[in-house]
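Visitor: Structure file start23.cif (mmCIF, C-alpha atoms) right here:
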data_query
loop_
_atom_site.label_atom_id
_atom_site.label_comp_id
_atom_site.auth_asym_id
_atom_site.auth_seq_id
_atom_site.Cartn_x
_atom_site.Cartn_y
_atom_site.Cartn_z
CA MET A 1 67.92 84.93 32.59
CA THR A 2 64.32 86.09 32.87
CA LEU A 3 61.97 86.07 29.91
CA ARG A 4 59.11 88.56 29.88
CA ASN A 5 55.93 88.90 27.91
CA ASP A 6 55.59 92.66 27.48
CA ASP A 7 52.13 92.30 25.99
CA LEU A 8 50.70 91.26 29.34
CA PRO A 9 49.79 93.70 32.11
CA GLY A 10 52.66 94.01 34.52
CA ALA A 11 55.04 92.30 32.08
CA ALA A 12 54.69 88.99 33.93
CA ALA A 13 57.81 86.86 33.86
CA LEU A 14 57.60 83.63 31.88
CA SER A 15 59.56 80.43 32.25
CA HIS A 16 61.10 78.60 29.31
CA ALA A 17 58.21 76.13 29.40
CA GLY A 18 55.73 79.01 29.32
CA VAL A 19 57.32 80.45 26.19
CA MET A 20 57.35 77.03 24.55
CA GLU A 21 53.72 76.46 25.43
CA LYS A 22 52.67 79.73 23.81
CA ILE A 23 54.70 78.90 20.68
CA GLU A 24 53.07 75.48 20.38
CA ILE A 25 49.59 76.89 20.93
CA LEU A 26 50.26 79.35 18.12
CA ARG A 27 51.51 76.58 15.84
CA SER A 28 48.42 74.50 16.53
CA ALA A 29 46.13 77.44 15.85
CA LEU A 30 47.87 78.24 12.57
CA ARG A 31 47.48 74.68 11.32
CA TRP A 32 43.71 75.01 11.42
CA ALA A 33 43.36 78.68 10.51
CA SER A 34 40.67 78.99 7.83
CA ARG A 35 41.14 82.64 6.83
CA LEU A 36 44.77 82.41 5.71
CA GLU A 37 46.10 81.14 2.44
CA ARG A 38 48.06 77.92 2.65
CA ALA A 39 51.28 79.64 1.55
CA ASP A 40 50.93 82.22 4.34
CA ILE A 41 50.28 79.48 6.90
CA GLU A 42 53.36 77.54 5.78
CA LYS A 43 55.50 80.67 6.02
CA LEU A 44 54.31 81.45 9.52
CA LEU A 45 54.80 77.84 10.57
CA ARG A 46 58.40 77.95 9.36
CA GLN A 47 59.01 81.16 11.31
CA VAL A 48 57.49 79.74 14.48
CA THR A 49 59.45 76.51 14.09
CA ALA A 50 62.67 78.48 13.69
CA LEU A 51 61.84 80.45 16.84
CA ARG A 52 61.16 77.24 18.72
CA ASP A 53 64.51 75.80 17.61
CA GLU A 54 66.29 78.97 18.79
CA VAL A 55 64.67 78.66 22.21
CA MET A 56 65.72 75.01 22.35
CA GLN A 57 69.34 76.11 21.96
CA LEU A 58 69.27 78.00 25.25
CA SER A 59 71.78 76.73 27.75
CA THR A 60 70.75 74.18 30.32
CA THR A 61 70.90 76.83 33.05
CA GLU A 62 68.71 79.28 31.14
CA ARG A 63 66.26 76.61 30.15
CA PHE A 64 65.27 75.66 33.65
CA VAL A 65 65.17 79.12 35.24
CA THR A 66 61.75 79.51 36.86
CA ALA A 67 60.19 82.92 36.60
CA ALA A 68 59.60 84.90 39.75
CA ALA A 69 56.08 84.10 40.85
CA GLY A 70 53.57 86.31 42.62
CA SER A 71 52.09 85.48 45.97
CA ALA A 72 52.15 81.86 47.12
CA PRO A 73 49.08 79.86 46.06
CA ARG A 74 46.36 79.35 48.65
CA LYS A 75 46.63 76.03 50.43
CA GLN A 76 43.72 73.86 49.37
CA ALA A 77 41.82 71.47 51.58
CA ALA A 78 42.21 67.72 51.11
CA GLY A 79 40.23 66.59 48.09
CA GLU A 80 39.71 70.09 46.72
CA ARG A 81 42.37 69.85 44.00
CA ARG A 82 41.10 66.46 42.90
CA ARG A 83 37.49 67.66 42.74
CA ALA A 84 38.57 70.77 40.84
CA LEU A 85 40.31 68.64 38.21
CA LEU A 86 37.24 66.49 37.67
CA GLU A 87 34.91 69.48 37.62
CA ARG A 88 36.95 70.96 34.77
CA SER A 89 35.89 67.97 32.61
CA PHE A 90 39.30 66.40 33.09
CA VAL A 91 39.27 63.01 31.34
CA PHE A 92 40.79 60.25 33.51
CA GLU A 93 40.02 56.58 33.08
CA GLY A 94 40.37 55.13 36.57
CA THR A 95 40.66 56.65 40.02
CA PHE A 96 43.20 58.73 41.91
CA GLY A 97 43.64 60.17 45.37
CA ASP A 98 44.98 63.34 46.95
CA ASN A 99 48.73 62.75 46.84
CA PRO A 100 50.27 66.20 46.15
CA GLN A 101 52.95 64.81 43.79
CA LEU A 102 50.37 62.96 41.73
CA LEU A 103 48.06 65.97 41.61
CA ASP A 104 51.00 68.11 40.50
CA ALA A 105 51.63 65.64 37.66
CA LEU A 106 47.95 65.56 36.64
CA GLU A 107 47.69 69.36 36.63
CA VAL A 108 50.82 69.61 34.46
CA ALA A 109 49.33 67.00 32.11
CA GLU A 110 46.09 68.97 31.95
CA LYS A 111 47.93 72.15 30.94
CA ALA A 112 50.20 70.39 28.46
CA ALA A 113 47.46 68.34 26.79
CA PRO A 114 46.03 71.10 24.50
CA THR A 115 49.52 71.87 23.13
CA ASP A 116 51.81 69.87 20.87
CA LEU A 117 54.73 70.02 23.32
CA PRO A 118 56.67 66.77 23.77
CA VAL A 119 56.13 65.20 27.20
CA LEU A 120 58.48 62.89 29.09
CA ILE A 121 56.94 60.76 31.86
CA ASP A 122 59.16 58.95 34.32
CA GLY A 123 58.54 56.78 37.36
CA GLU A 124 58.93 53.24 38.61
CA SER A 125 57.53 50.33 36.64
CA GLY A 126 53.78 49.97 37.15
CA THR A 127 53.05 53.53 38.32
CA GLY A 128 50.71 54.28 35.41
CA LYS A 129 52.93 55.99 32.84
CA GLU A 130 50.94 54.73 29.85
CA LEU A 131 47.71 55.73 31.56
CA MET A 132 49.17 59.24 31.96
CA ALA A 133 50.04 59.28 28.25
CA LYS A 134 46.43 58.37 27.43
CA VAL A 135 45.23 61.12 29.79
CA ILE A 136 47.32 63.68 27.87
CA HIS A 137 45.95 62.39 24.56
CA ALA A 138 42.33 62.28 25.77
CA ASN A 139 42.41 65.85 27.13
CA GLY A 140 44.01 67.37 24.04
CA ALA A 141 42.88 68.57 20.62
CA ARG A 142 43.99 65.24 19.10
CA SER A 143 41.70 63.06 21.21
CA GLU A 144 39.68 61.94 18.16
CA ARG A 145 42.86 61.11 16.25
CA PRO A 146 44.99 57.93 16.48
CA TYR A 147 46.86 56.99 19.64
CA ILE A 148 49.77 54.67 18.79
CA SER A 149 51.81 52.94 21.50
CA VAL A 150 55.35 51.66 20.86
CA ASN A 151 57.43 49.63 23.32
CA CYS A 152 60.95 50.69 22.37
CA GLY A 153 62.50 47.91 24.44
CA ALA A 154 60.60 45.17 22.61
CA ILE A 155 61.71 45.98 19.05
CA PRO A 156 64.88 44.24 17.76
CA GLU A 157 67.49 46.80 16.74
CA ASN A 158 67.59 45.56 13.14
CA LEU A 159 63.81 46.11 12.80
CA LEU A 160 63.58 49.39 14.68
CA GLU A 161 63.71 51.71 11.66
CA SER A 162 61.12 49.64 9.80
CA GLU A 163 58.76 49.57 12.82
CA LEU A 164 58.97 53.32 13.42
CA PHE A 165 59.16 54.64 9.86
CA GLY A 166 57.86 51.83 7.64
CA HIS A 167 59.44 50.26 4.55
CA LYS A 168 59.03 49.89 0.82
CA LYS A 169 58.41 46.61 -0.90
CA GLY A 170 61.68 44.74 -1.44
CA ALA A 171 63.65 46.95 0.97
CA PHE A 172 64.93 43.84 2.73
CA THR A 173 64.29 40.10 2.87
CA GLY A 174 60.71 39.56 3.93
CA ALA A 175 59.46 43.01 2.88
CA ALA A 176 56.66 41.65 0.69
CA GLY A 177 54.86 44.97 0.37
CA ASP A 178 54.83 48.62 1.37
CA ARG A 179 54.20 49.10 5.09
CA LYS A 180 53.39 52.14 7.19
CA GLY A 181 55.47 52.77 10.26
CA LYS A 182 54.24 53.84 13.69
CA PHE A 183 54.86 57.52 13.00
CA GLU A 184 52.76 57.49 9.82
CA SER A 185 49.99 55.64 11.67
CA ALA A 186 50.05 58.35 14.36
CA HIS A 187 49.75 61.24 11.84
CA HIS A 188 47.65 64.03 13.41
CA GLY A 189 47.47 61.95 16.59
CA THR A 190 49.76 60.93 19.45
CA ILE A 191 52.63 58.44 19.48
CA PHE A 192 53.60 57.01 22.86
CA LEU A 193 57.22 55.84 23.06
CA ASP A 194 57.34 53.56 26.09
CA GLU A 195 60.68 52.53 27.66
CA ILE A 196 62.49 55.23 25.68
CA GLY A 197 65.62 54.55 27.75
CA GLU A 198 65.91 51.16 26.02
CA LEU A 199 66.20 52.75 22.57
CA PRO A 200 69.68 52.03 21.11
CA LEU A 201 71.86 54.98 20.09
CA PRO A 202 71.32 54.56 16.30
CA GLY A 203 67.57 54.66 16.92
CA GLN A 204 67.98 57.77 19.07
CA VAL A 205 69.73 59.57 16.20
CA LYS A 206 66.88 58.74 13.81
CA LEU A 207 64.23 59.77 16.34
CA LEU A 208 66.01 63.08 16.94
CA ARG A 209 65.98 63.76 13.21
CA VAL A 210 62.20 63.22 13.10
CA LEU A 211 61.67 65.57 16.05
CA GLN A 212 63.71 68.25 14.29
CA SER A 213 62.33 67.97 10.77
CA HIS A 214 58.87 66.39 11.29
CA GLU A 215 59.68 64.18 8.31
CA ILE A 216 60.44 60.50 7.88
CA GLN A 217 61.74 58.21 5.17
CA ARG A 218 60.57 54.65 4.78
CA VAL A 219 63.31 52.05 4.65
CA GLY A 220 64.28 51.56 1.01
CA SER A 221 62.79 54.89 -0.14
CA ASP A 222 64.27 58.32 -0.85
CA GLU A 223 60.89 60.02 -0.55
CA THR A 224 60.33 62.18 2.55
CA ILE A 225 56.93 62.03 4.23
CA SER A 226 55.69 64.81 6.52
CA VAL A 227 54.35 63.58 9.85
CA ASP A 228 52.50 65.55 12.48
CA ALA A 229 52.49 63.40 15.61
CA ARG A 230 52.44 64.51 19.23
CA ILE A 231 55.33 62.79 21.10
CA VAL A 232 54.83 61.39 24.58
CA ALA A 233 57.71 59.27 25.94
CA ALA A 234 58.08 57.29 29.16
CA THR A 235 60.86 55.58 31.07
CA ASN A 236 61.52 53.89 34.38
CA LYS A 237 65.23 54.74 34.13
CA ASN A 238 67.15 57.84 35.18
CA LEU A 239 67.93 59.36 31.79
CA ARG A 240 70.38 61.86 33.26
CA GLN A 241 72.46 58.95 34.54
CA LEU A 242 72.24 57.28 31.12
CA ILE A 243 73.49 60.53 29.57
CA GLU A 244 76.51 60.50 31.91
CA GLN A 245 77.14 56.86 30.96
CA GLY A 246 76.99 57.74 27.26
CA THR A 247 74.00 55.51 26.48
CA PHE A 248 71.42 58.25 25.94
CA ARG A 249 71.78 61.42 23.89
CA GLU A 250 71.55 64.68 25.81
CA ASP A 251 70.06 66.58 22.87
CA LEU A 252 67.30 63.96 22.54
CA PHE A 253 66.58 64.22 26.26
CA TYR A 254 66.00 67.96 26.00
CA ARG A 255 63.85 67.51 22.90
CA LEU A 256 61.63 65.01 24.70
CA SER A 257 61.45 66.68 28.11
CA VAL A 258 60.00 70.08 27.29
CA ILE A 259 57.27 69.00 29.70
CA HIS A 260 58.60 66.59 32.34
CA VAL A 261 56.19 64.62 34.54
CA THR A 262 57.23 62.31 37.38
CA LEU A 263 54.79 59.77 38.84
CA PRO A 264 55.30 58.81 42.50
CA PRO A 265 55.28 55.12 43.50
CA LEU A 266 52.16 53.62 45.07
CA ARG A 267 53.84 53.28 48.49
CA GLU A 268 53.82 57.11 48.62
CA ARG A 269 50.14 57.25 47.58
CA ARG A 270 48.59 55.04 50.26
CA ASP A 271 45.33 56.99 50.22
CA GLU A 272 44.75 55.48 46.77
CA ILE A 273 45.00 51.83 47.82
CA ALA A 274 41.41 51.58 49.09
CA LEU A 275 40.16 53.37 45.96
CA LEU A 276 42.15 51.09 43.67
CA LEU A 277 41.04 47.93 45.48
CA ALA A 278 37.41 48.92 44.95
CA TYR A 279 38.00 50.02 41.34
CA PHE A 280 39.90 46.90 40.26
CA GLY A 281 37.57 44.68 42.30
CA ALA A 282 34.60 45.93 40.28
CA GLU A 283 36.59 45.64 37.05
CA ALA A 284 37.61 42.03 37.83
CA ALA A 285 34.05 41.08 38.80
CA GLU A 286 32.77 42.35 35.45
CA ASN A 287 35.52 40.71 33.39
CA LEU A 288 35.43 37.37 35.22
CA LYS A 289 31.62 37.31 35.56
CA ARG A 290 31.89 36.95 39.35
CA GLN A 291 30.40 38.60 42.38
CA PRO A 292 32.34 41.63 43.66
CA LEU A 293 35.35 40.61 45.74
CA ARG A 294 34.91 40.39 49.50
CA MET A 295 37.93 40.25 51.83
CA THR A 296 38.54 39.25 55.41
CA PRO A 297 39.68 42.10 57.68
CA ARG A 298 43.19 40.69 58.00
CA LEU A 299 43.60 40.40 54.21
CA ARG A 300 42.41 43.98 53.79
CA ASP A 301 44.85 45.13 56.47
CA PHE A 302 47.67 43.30 54.70
CA LEU A 303 46.83 44.86 51.31
CA HIS A 304 46.74 48.34 52.84
CA ALA A 305 50.12 47.87 54.56
CA TYR A 306 51.95 46.09 51.71
CA ARG A 307 54.63 48.15 49.91
CA TYR A 308 53.80 47.05 46.31
CA PRO A 309 57.21 46.97 44.61
CA GLY A 310 55.30 46.44 41.35
CA ASN A 311 53.08 49.46 42.13
CA ILE A 312 49.58 49.74 40.61
CA ARG A 313 50.18 46.91 38.16
CA GLU A 314 50.98 44.53 41.02
CA LEU A 315 47.89 45.63 42.99
CA ARG A 316 45.67 45.06 39.95
CA ASN A 317 47.11 41.59 39.36
CA LEU A 318 46.60 40.67 43.02
CA VAL A 319 42.96 41.74 42.87
CA TYR A 320 42.37 39.64 39.75
CA ARG A 321 44.07 36.65 41.38
CA LEU A 322 41.95 36.97 44.51
CA SER A 323 38.78 37.37 42.44
CA CYS A 324 39.61 34.23 40.46
CA LEU A 325 40.73 31.91 43.25
CA ALA A 326 38.57 32.87 46.21
CA GLY A 327 35.04 31.60 46.77
CA ASP A 328 32.74 33.90 48.70
CA THR A 329 35.49 35.67 50.67
CA ALA A 330 39.21 36.09 49.97
CA ASP A 331 41.74 35.56 52.75
CA LEU A 332 45.51 35.48 53.19
CA ILE A 333 45.62 31.88 51.93
CA HIS A 334 44.64 33.13 48.46
CA LEU A 335 47.73 35.35 48.18
CA PRO A 336 50.80 34.11 46.25
CA HIS A 337 52.87 31.89 48.52
CA ASP A 338 55.87 34.26 48.55
CA LEU A 339 53.67 37.15 49.75
CA ARG A 340 51.63 35.25 52.30
CA PRO A 341 52.47 36.32 55.86
CA ALA A 342 53.25 33.60 58.40
CA LEU A 343 50.08 32.30 60.01
CA ALA A 344 49.86 31.96 63.77
CA SER A 345 51.25 28.67 65.01
CA VAL A 346 48.69 26.07 66.09
CA PRO A 347 49.00 22.78 67.97
CA GLU A 348 50.20 19.91 65.81
CA VAL A 349 47.36 18.07 64.10
CA ARG A 350 47.71 14.31 64.22
CA GLU A 351 47.22 12.46 60.94
CA GLU A 352 44.43 10.27 62.26
CA THR A 353 42.33 13.27 63.31
CA ARG A 354 39.15 13.34 61.25
CA ILE A 355 37.98 16.72 60.01
CA SER A 356 34.34 17.35 59.29
CA MET A 357 33.48 18.00 55.65
CA ALA A 358 30.61 20.33 56.49
CA PRO A 359 30.37 23.37 54.17
CA GLY A 360 32.48 26.28 55.31
CA VAL A 361 34.91 24.23 57.38
CA LEU A 362 37.74 24.56 54.85
CA GLY A 363 37.89 28.32 55.34
CA ASP A 364 38.09 27.92 59.13
CA VAL A 365 40.85 25.32 58.88
CA LYS A 366 42.90 27.47 56.52
CA ARG A 367 42.68 30.45 58.80
CA ALA A 368 43.75 28.48 61.86
CA ALA A 369 46.10 25.81 60.61
CA SER A 370 49.58 25.46 59.22
CA ASP A 371 50.45 23.99 55.85
CA GLN A 372 50.56 20.57 57.53
CA ALA A 373 46.97 20.89 58.65
CA GLU A 374 45.99 22.06 55.18
CA ARG A 375 47.53 18.92 53.68
CA LEU A 376 45.77 16.67 56.22
CA PHE A 377 42.48 18.39 55.48
CA LEU A 378 42.87 17.75 51.77
CA GLU A 379 43.83 14.11 52.31
CA GLN A 380 40.81 13.52 54.55
CA GLY A 381 38.53 15.25 52.08
CA LEU A 382 39.80 13.21 49.14
CA ARG A 383 39.18 10.02 51.10
CA GLU A 384 35.60 11.01 51.89
CA VAL A 385 34.76 11.85 48.27
CA GLY A 386 36.67 8.92 46.79
CA GLY A 387 39.22 11.09 45.01
CA THR A 388 36.63 13.13 43.10
CA VAL A 389 38.10 16.65 42.90
CA ALA A 390 34.90 18.24 41.58
CA GLU A 391 32.88 16.87 44.51
CA LEU A 392 35.46 18.05 47.05
CA ALA A 393 35.43 21.52 45.49
CA ARG A 394 31.62 21.57 45.68
CA ARG A 395 31.52 20.50 49.33
CA CYS A 396 34.17 23.02 50.36
CA ASP A 397 32.71 25.80 48.18
CA ILE A 398 35.99 26.70 46.47
CA ASN A 399 36.98 26.94 42.82
CA ARG A 400 38.19 23.70 41.26
CA PRO A 401 41.33 25.29 39.66
CA TYR A 402 42.36 26.64 43.05
CA LEU A 403 41.77 23.24 44.69
CA GLN A 404 43.91 21.58 42.04
CA MET A 405 46.64 24.14 42.71
CA LEU A 406 46.53 23.24 46.43
CA LEU A 407 46.76 19.54 45.63
CA LYS A 408 49.77 20.17 43.41
CA LYS A 409 51.36 22.29 46.13
CA HIS A 410 51.17 19.37 48.60
CA GLY A 411 52.03 16.67 46.04
CA LEU A 412 48.63 15.01 46.35
CA HIS A 413 47.12 13.04 43.44
CA SER A 414 43.40 12.39 43.32
CA ARG A 415 43.99 8.97 41.69
CA ASP A 416 45.61 7.78 44.92
CA PHE A 417 42.28 8.24 46.71
CA ARG A 418 39.92 6.80 44.13
CA VAL A 419 37.75 3.89 45.28
CA ALA A 420 37.22 0.55 43.56
CA ARG A 421 33.75 -1.02 43.22
CA ASN A 422 33.28 -4.61 44.36
CA GLY A 423 31.41 -6.12 41.48
CA GLY A 424 29.58 -8.64 43.72
CA ASN A 425 27.81 -6.48 46.28
CA GLY A 426 28.56 -2.90 45.21
CA SER A 427 30.55 -2.18 48.37
CA VAL A 428 33.32 0.38 48.23
CA GLN A 429 36.86 -0.35 49.27
CA GLU A 430 40.00 1.78 49.47
CA PRO A 431 42.63 0.54 46.99
#
Mind turning the file's structure into structure tokens?

Guide:
Amino acid sequence: MTLRNDDLPGAAALSHAGVMEKIEILRSALRWASRLERADIEKLLRQVTALRDEVMQLSTTERFVTAAAGSAPRKQAAGERRRALLERSFVFEGTFGDNPQLLDALEVAEKAAPTDLPVLIDGESGTGKELMAKVIHANGARSERPYISVNCGAIPENLLESELFGHKKGAFTGAAGDRKGKFESAHHGTIFLDEIGELPLPGQVKLLRVLQSHEIQRVGSDETISVDARIVAATNKNLRQLIEQGTFREDLFYRLSVIHVTLPPLRERRDEIALLLAYFGAEAAENLKRQPLRMTPRLRDFLHAYRYPGNIRELRNLVYRLSCLAGDTADLIHLPHDLRPALASVPEVREETRISMAPGVLGDVKRAASDQAERLFLEQGLREVGGTVAELARRCDINRPYLQMLLKKHGLHSRDFRVARNGGNGSVQEP
């Protein structure tokens, strides 16, 4: 099936999403029309809503037919699409690169933002789905209105209806007063339904009813309350598979996915890693009141080559860890132990070997030695400072919490290295 807009020159073909977008733009305009009487506006809104519902009943095949396009778009040079987005006053809190899939998603978000169309965002955990939801909100007509985030997987099933729709005083044990739900709080704004795939089936039925009627009922009340909230949902699950398994409603999926955005994982967006390292490094320095993070070449090479199963969230957490634990310069030793690559083997270090406590030596030893050498270094250092952890941290120019973590890792206790004073002559002896 091909849908056409005969009012346009050449009767350009429109996709289902194009028709829906025009309907929603019209609905938004009518809500704020100042020259119409309220009764006329309500009548037109009902007509447009009915038309939208008719379009939603199109078969799956018809719904996703893409209109015949004109000539292929001109291939843009690297960076041109990203610059064009930013030059159009596109609001984005953070940084992004030139990955074509990501730019596709951002351009779809930019076009969908001014409408009231529901948006479904999917992608692996940590790819920035909530950030994308905020981008859609910030670039739309509701940007000055509330943005309410709901983690559907974190709400117990018996409290779900109360959380989403509110309750009246006395509706259940513990309901000490009237309470607004998330949908009421998001009135005229945007509600972000994160982890929508975790929503139990009874909750899906209630959510579908809200999407259809734009009305809610508080728990314990017969009164209906009109709500006007833009819906943005996100999931890291394959909802089509959940539909086949009978754990997600197909009609709800089509209601939510009028605009469907997929975010690629960070391992497919490697051009962003350097940008994100710099961005989160500056953010961590500001939040932790530290100097900007500096890295050794081999740590930087590791971070650029790592696959990041936790995506952007994992990269951000690594940067904060490095900023917290490292002194002047972060190295592989500051990575979590399960991520740290094997260091080059070195000749065995005998226990009696004394290691100089000159400033800066600890970094050299860590880069060259095995865990055994690291333990020997710490033991020697504790002996020289009489078991005083703060003094050892000062001499080695590392953070005290990180030094304590190293001591715990090797099972070393500072009390075992503390010295005892000889009351007669003030000499110091090992216990």

Visitor: Quick check, in Å to one decimal: how far apart do CA of Glu374 (chain A) and CA of Pro292 (chain A) lie?

Guide: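 These atoms are spaced 26.5 Å apart.
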
Visitor: Quick one: of A:Asp178, A:Glu124, A:Asp251, A:Glu198, who's nearest to Leu266 (chain A), counting only C-alpha atoms?

Guide: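 Closest to Leu266 (chain A) of all the choices is A:Glu124.
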
Visitor: Which one is closest to Lys129 (chain A): A:Arg321, A:Arg179, A:His413, A:Arg313? Count only C-alpha atoms.

Guide: A:Arg313

Visitor: Mind checking which residues fall within 9 Å of Tyr147 (chain A), counting all atoms listed in the file, ignoring those fewer than 5 positions away in the same chain, and posting them as a ChimeraX atom specification?

Guide: /A:134,137,142,185-186,189-192

Visitor: Care to translate the PyMOL selection byres ((chain A and resi 392-401) around 7) into actual residues of this file, as number ranges by chain?

Guide: A: 325-327, 359-360, 362, 381-382, 385, 388-391, 402-405

Visitor: Hey, which of A:Leu211, A:Gly128, A:Lys168, A:Pro336 ends up closest to Asp228 (chain A)? Count only C-alpha atoms.

Guide: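 Closest residue, counting only C-alpha atoms: A:Leu211.
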
Visitor: Tell me, as a PyMOL selection string, which residues lie within 12 Å of Asn158 (chain A), counting all atoms listed in the file; anything in the same chain fewer than 6 positions away does not count.

Guide: chain A and resi 164+172+199-200+202-203+219

Visitor: Just the number, please: distance in Å from CA of Phe92 (chain A) to CA of Asn287 (chain A), one decimal.

Guide: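 Computing it gives 20.2 Å between the two atoms.
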
Visitor: Expanded to explicit residues, what is the PyMOL selection byres ((chain A and resi 154) around 12) for this file, as a PyMOL selection string?

Guide: chain A and resi 149-153+155-160+163+193-200

Visitor: Output C-alpha atoms for every residue in the selection just made, as a PDB file, keeping the file's coordinate frame.

Guide:
ATOM      1  CA  SER A 149      51.810  52.940  21.500  1.00  0.00           C
ATOM      2  CA  VAL A 150      55.350  51.660  20.860  1.00  0.00           C
ATOM      3  CA  ASN A 151      57.430  49.630  23.320  1.00  0.00           C
ATOM      4  CA  CYS A 152      60.950  50.690  22.370  1.00  0.00           C
ATOM      5  CA  GLY A 153      62.500  47.910  24.440  1.00  0.00           C
ATOM      6  CA  ILE A 155      61.710  45.980  19.050  1.00  0.00           C
ATOM      7  CA  PRO A 156      64.880  44.240  17.760  1.00  0.00           C
ATOM      8  CA  GLU A 157      67.490  46.800  16.740  1.00  0.00           C
ATOM      9  CA  ASN A 158      67.590  45.560  13.140  1.00  0.00           C
ATOM     10  CA  LEU A 159      63.810  46.110  12.800  1.00  0.00           C
ATOM     11  CA  LEU A 160      63.580  49.390  14.680  1.00  0.00           C
ATOM     12  CA  GLU A 163      58.760  49.570  12.820  1.00  0.00           C
ATOM     13  CA  LEU A 193      57.220  55.840  23.060  1.00  0.00           C
ATOM     14  CA  ASP A 194      57.340  53.560  26.090  1.00  0.00           C
ATOM     15  CA  GLU A 195      60.680  52.530  27.660  1.00  0.00           C
ATOM     16  CA  ILE A 196      62.490  55.230  25.680  1.00  0.00           C
ATOM     17  CA  GLY A 197      65.620  54.550  27.750  1.00  0.00           C
ATOM     18  CA  GLU A 198      65.910  51.160  26.020  1.00  0.00           C
ATOM     19  CA  LEU A 199      66.200  52.750  22.570  1.00  0.00           C
ATOM     20  CA  PRO A 200      69.680  52.030  21.110  1.00  0.00           C
TER      21      PRO A 200
END

Visitor: Just so the selection is clear, what residues does the PyMOL selection byres ((chain A and resi 331) around 7) cover here, as a list in words?

Guide: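 On this input, the PyMOL selection byres ((chain A and resi 331) around 7) captures Met295, Thr296, Leu299, Thr329, Ala330, Leu332, Ile333 and His334 of chain A.
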
Visitor: Would you give the centre and edge lengths, in Å to one decimal, of a box along x, y and z around the listed atoms of region 173-184 of chain A, with 4 Å added to each side, as lines of an AutoDock Vina configuration file?

Guide:
center_x = 58.5
center_y = 48.5
center_z = 7.0
size_x = 19.5
size_y = 26.0
size_z = 21.3

Visitor: With a distance cut-off of 9 Å and all atoms listed in the file, select the neighbouring residues of Ser323 (chain A), excluding the residue or stretch itself and same-chain residues fewer than 6 positions from it, and output the selection as a list in words.

Guide: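 The residues that qualify are Gly281, Ala284, Ala285, Leu288, Arg290, Gln291, Pro292, Leu293, Arg294 and Ala330 of chain A.
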
Visitor: Could you tell me how far CA of Leu45 (chain A) lies from CA of Glu161 (chain A), in Å and to one decimal?

Guide: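 Between CA of Leu45 (chain A) and CA of Glu161 (chain A) the gap works out to 27.6 Å.
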
Visitor: For a quick check of understanding, using only C-alpha atoms, which of A:Arg316, A:Arg209, A:Arg300, A:Lys182 has the smallest distance to Arg255 (chain A)?

Guide: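 Checking each of A:Arg316, A:Arg209, A:Arg300, A:Lys182 against Arg255 (chain A), counting only C-alpha atoms, the winner is A:Arg209.
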
Visitor: Could you check which residues have any atom within 6 Å of (60.3, 58.5, 31.4), counting all atoms listed in the file with coordinates taken straight from the file, and then list them as a CSV table (one decimal) with C-alpha atoms, in the frame of the given file?

Guide:
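Contents of selection.csv, as written:
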chain,number,residue,atom,x,y,z
A,120,LEU,CA,58.5,62.9,29.1
A,121,ILE,CA,56.9,60.8,31.9
A,122,ASP,CA,59.2,59.0,34.3
A,234,ALA,CA,58.1,57.3,29.2
A,235,THR,CA,60.9,55.6,31.1
A,236,ASN,CA,61.5,53.9,34.4

Visitor: Tell me which protein, DNA and RNA residues are within 10 Å of region 81-83 of chain A, counting only C-alpha atoms, leaving out same-chain ones fewer than 6 positions away, and put them as a VMD selection string.

Guide: chain A and resid 75 90 96 to 100 102 to 104 106 to 107

Visitor: Reconstruct N, CA, C and O atoms of region 164-169 of chain A; output as a PDB file, keeping the file's coordinate frame.

Guide:
ATOM      1  N   LEU A 164      59.304  51.919  13.164  1.00  0.00           N
ATOM      2  CA  LEU A 164      58.970  53.320  13.420  1.00  0.00           C
ATOM      3  C   LEU A 164      58.599  54.078  12.151  1.00  0.00           C
ATOM      4  O   LEU A 164      57.675  54.901  12.160  1.00  0.00           O
ATOM      5  N   PHE A 165      59.307  53.809  11.057  1.00  0.00           N
ATOM      6  CA  PHE A 165      59.160  54.640   9.860  1.00  0.00           C
ATOM      7  C   PHE A 165      58.589  53.902   8.657  1.00  0.00           C
ATOM      8  O   PHE A 165      58.302  54.520   7.635  1.00  0.00           O
ATOM      9  N   GLY A 166      58.414  52.578   8.755  1.00  0.00           N
ATOM     10  CA  GLY A 166      57.860  51.830   7.640  1.00  0.00           C
ATOM     11  C   GLY A 166      58.911  51.416   6.630  1.00  0.00           C
ATOM     12  O   GLY A 166      60.091  51.754   6.762  1.00  0.00           O
ATOM     13  N   HIS A 167      58.498  50.684   5.588  1.00  0.00           N
ATOM     14  CA  HIS A 167      59.440  50.260   4.550  1.00  0.00           C
ATOM     15  C   HIS A 167      58.723  50.122   3.212  1.00  0.00           C
ATOM     16  O   HIS A 167      57.502  50.004   3.152  1.00  0.00           O
ATOM     17  N   LYS A 168      59.531  50.124   2.170  1.00  0.00           N
ATOM     18  CA  LYS A 168      59.030  49.890   0.820  1.00  0.00           C
ATOM     19  C   LYS A 168      59.162  48.411   0.484  1.00  0.00           C
ATOM     20  O   LYS A 168      59.984  47.689   1.049  1.00  0.00           O
ATOM     21  N   LYS A 169      58.350  47.984  -0.439  1.00  0.00           N
ATOM     22  CA  LYS A 169      58.410  46.610  -0.900  1.00  0.00           C
ATOM     23  C   LYS A 169      59.802  46.288  -1.428  1.00  0.00           C
ATOM     24  O   LYS A 169      60.382  47.042  -2.204  1.00  0.00           O
TER      25      LYS A 169
END
